[in-house]
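Visitor: Pasting in a structure now, in C-alpha cells, and then I'll have a few things to ask.
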Amino acid sequence: SRLASRLALWGRRLVGEALTQARRVASEHQFLGALLHQADPAAWKAATEALFAQLTGNHSRRMNALGLTS
C-alpha cells in the first residue's frame with residue numbers, strides 16, 4: 001500500500017507536469033492549432049482543452065487499471 005501510494009503520487013505529478021508543459025508550448029506557439037485543424041482561435045482553444053481532457057481521462061483509466069488512485 002505504501003508503494004502504491006508513492007507510485008500514484010508520482011503518476012499524478014508526471015502527468016500534471018506534462019500537461020503544464022504542453023499548455024505552455026501550445027500557448028507560445030499558436031501555429032500548433034493547425035495540427036488540430038482549427039484556424040479560429042476560439043475553436044483552437046476548445047479543441048486544445050478537449051485534447052487535454054482526453055489525455056487526462058486516459059491517464060486516469062491507466063492508473064485505475066494498475067490499481068492506483070489518479
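We label chains A, B, ... in the order they appear in the C-alpha cells, count residues from 1 in each chain, and number ligands from 1 in the order shown.
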Determine, counting only C-alpha atoms, which protein, DNA and RNA residues have an atom within 9 Å of an atom of region 9-13 of chain A; residues of the same chain fewer than 4 positions away are not included. Present the result as a PDB file with N, CA and C atoms, in the first residue's frame.
Guide:
```pdb
ATOM      1  N   ALA A   4       2.180   1.666  -3.520  1.00  0.00           N
ATOM      2  CA  ALA A   4       1.089   2.105  -4.392  1.00  0.00           C
ATOM      3  C   ALA A   4       0.821   3.594  -4.214  1.00  0.00           C
ATOM      4  N   SER A   5       0.878   4.062  -2.980  1.00  0.00           N
ATOM      5  CA  SER A   5       0.659   5.478  -2.707  1.00  0.00           C
ATOM      6  C   SER A   5       1.737   6.333  -3.370  1.00  0.00           C
ATOM      7  N   GLU A  17       2.822  17.627 -14.763  1.00  0.00           N
ATOM      8  CA  GLU A  17       3.944  18.354 -15.357  1.00  0.00           C
ATOM      9  C   GLU A  17       3.890  18.304 -16.879  1.00  0.00           C
ATOM     10  N   ALA A  18       3.561  17.149 -17.423  1.00  0.00           N
ATOM     11  CA  ALA A  18       3.475  17.017 -18.885  1.00  0.00           C
ATOM     12  C   ALA A  18       2.388  17.926 -19.448  1.00  0.00           C
ATOM     13  N   HIS A  59      -5.159   8.879 -18.831  1.00  0.00           N
ATOM     14  CA  HIS A  59      -4.230   8.666 -17.722  1.00  0.00           C
ATOM     15  C   HIS A  59      -4.967   8.068 -16.522  1.00  0.00           C
ATOM     16  N   MET A  63      -4.194   4.505 -14.676  1.00  0.00           N
ATOM     17  CA  MET A  63      -3.884   4.426 -13.240  1.00  0.00           C
ATOM     18  C   MET A  63      -4.863   3.481 -12.536  1.00  0.00           C
ATOM     19  N   LEU A  68      -4.090   2.066  -8.967  1.00  0.00           N
ATOM     20  CA  LEU A  68      -3.578   3.275  -8.344  1.00  0.00           C
ATOM     21  C   LEU A  68      -4.629   4.367  -8.445  1.00  0.00           C
ATOM     22  N   THR A  69      -4.655   5.256  -7.453  1.00  0.00           N
ATOM     23  CA  THR A  69      -5.588   6.374  -7.499  1.00  0.00           C
ATOM     24  C   THR A  69      -5.041   7.457  -8.406  1.00  0.00           C
ATOM     25  N   SER A  70      -5.918   8.080  -9.170  1.00  0.00           N
ATOM     26  CA  SER A  70      -5.445   9.092 -10.116  1.00  0.00           C
ATOM     27  C   SER A  70      -5.831  10.484  -9.697  1.00  0.00           C
TER      28      SER A  70
END
```
Visitor: Using only C-alpha atoms, which protein or nucleic acid residues come within 12 Å of Leu19 (chain A)? Drop anything in the same chain fewer than 2 positions from it, and give the result as a PyMOL selection string.
Guide: chain A and resi 12-17+21-26+48-49+51-56+59
Visitor: Can you write out the residues you just picked, keeping N, CA and C atoms, as a compact mmCIF listing (two decimals), in the first residue's frame?
Guide:
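New file selection.txt:
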```txt
# COMPACT_ATOMS: atom_id res chain seq x y z
N ARG A 12 0.59 11.08 -10.81
CA ARG A 12 -0.15 12.35 -10.87
C ARG A 12 0.78 13.51 -11.16
N ARG A 13 1.93 13.52 -10.52
CA ARG A 13 2.90 14.60 -10.74
C ARG A 13 3.43 14.57 -12.16
N LEU A 14 3.68 13.38 -12.67
CA LEU A 14 4.22 13.23 -14.02
C LEU A 14 3.24 13.76 -15.07
N VAL A 15 1.99 13.34 -14.98
CA VAL A 15 1.01 13.80 -15.98
C VAL A 15 0.71 15.29 -15.78
N GLY A 16 0.71 15.75 -14.56
CA GLY A 16 0.49 17.18 -14.31
C GLY A 16 1.59 18.03 -14.94
N GLU A 17 2.82 17.63 -14.76
CA GLU A 17 3.94 18.35 -15.36
C GLU A 17 3.89 18.30 -16.88
N GLN A 21 3.52 21.65 -19.27
CA GLN A 21 4.47 21.99 -20.32
C GLN A 21 3.79 22.03 -21.69
N ALA A 22 2.86 21.12 -21.93
CA ALA A 22 2.14 21.10 -23.21
C ALA A 22 1.31 22.37 -23.36
N ARG A 23 0.66 22.81 -22.30
CA ARG A 23 -0.12 24.04 -22.35
C ARG A 23 0.79 25.25 -22.62
N ARG A 24 1.94 25.28 -21.98
CA ARG A 24 2.88 26.39 -22.17
C ARG A 24 3.33 26.44 -23.62
N VAL A 25 3.73 25.31 -24.17
CA VAL A 25 4.18 25.26 -25.56
C VAL A 25 3.05 25.64 -26.51
N ALA A 26 1.85 25.13 -26.25
CA ALA A 26 0.71 25.43 -27.11
C ALA A 26 0.38 26.92 -27.10
N THR A 48 -8.05 22.28 -28.05
CA THR A 48 -6.91 22.01 -27.17
C THR A 48 -7.39 21.52 -25.81
N GLU A 49 -8.41 22.17 -25.26
CA GLU A 49 -8.95 21.75 -23.97
C GLU A 49 -9.53 20.34 -24.05
N LEU A 51 -8.57 18.00 -26.10
CA LEU A 51 -7.43 17.09 -26.19
C LEU A 51 -6.83 16.82 -24.82
N PHE A 52 -6.63 17.88 -24.03
CA PHE A 52 -6.07 17.70 -22.69
C PHE A 52 -7.01 16.93 -21.78
N ALA A 53 -8.31 17.13 -21.93
CA ALA A 53 -9.28 16.36 -21.14
C ALA A 53 -9.21 14.88 -21.51
N GLN A 54 -9.04 14.60 -22.79
CA GLN A 54 -8.91 13.21 -23.23
C GLN A 54 -7.62 12.59 -22.68
N LEU A 55 -6.53 13.33 -22.71
CA LEU A 55 -5.27 12.82 -22.18
C LEU A 55 -5.38 12.53 -20.68
N THR A 56 -6.03 13.43 -19.96
CA THR A 56 -6.22 13.24 -18.52
C THR A 56 -7.12 12.03 -18.24
N HIS A 59 -5.16 8.88 -18.83
CA HIS A 59 -4.23 8.67 -17.72
C HIS A 59 -4.97 8.07 -16.52
```
Visitor: Could you please write out, as a ChimeraX atom specification, every residue of region 5-35 of chain A that DSSP assigns to alpha helix (DSSP H)?
Guide: /A:5-28
Visitor: May I ask which of the residues A:Ser27, A:Ser1, A:Asn58, A:Asn64 is the closest one to Trp44 (chain A), counting only C-alpha atoms?
Guide: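 Residue with the minimum atom-to-atom distance to Trp44 (chain A): A:Ser27.
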Visitor: Separation of CA of Gly67 (chain A) and CA of Thr20 (chain A), in Å?
Guide: 24.8 Å
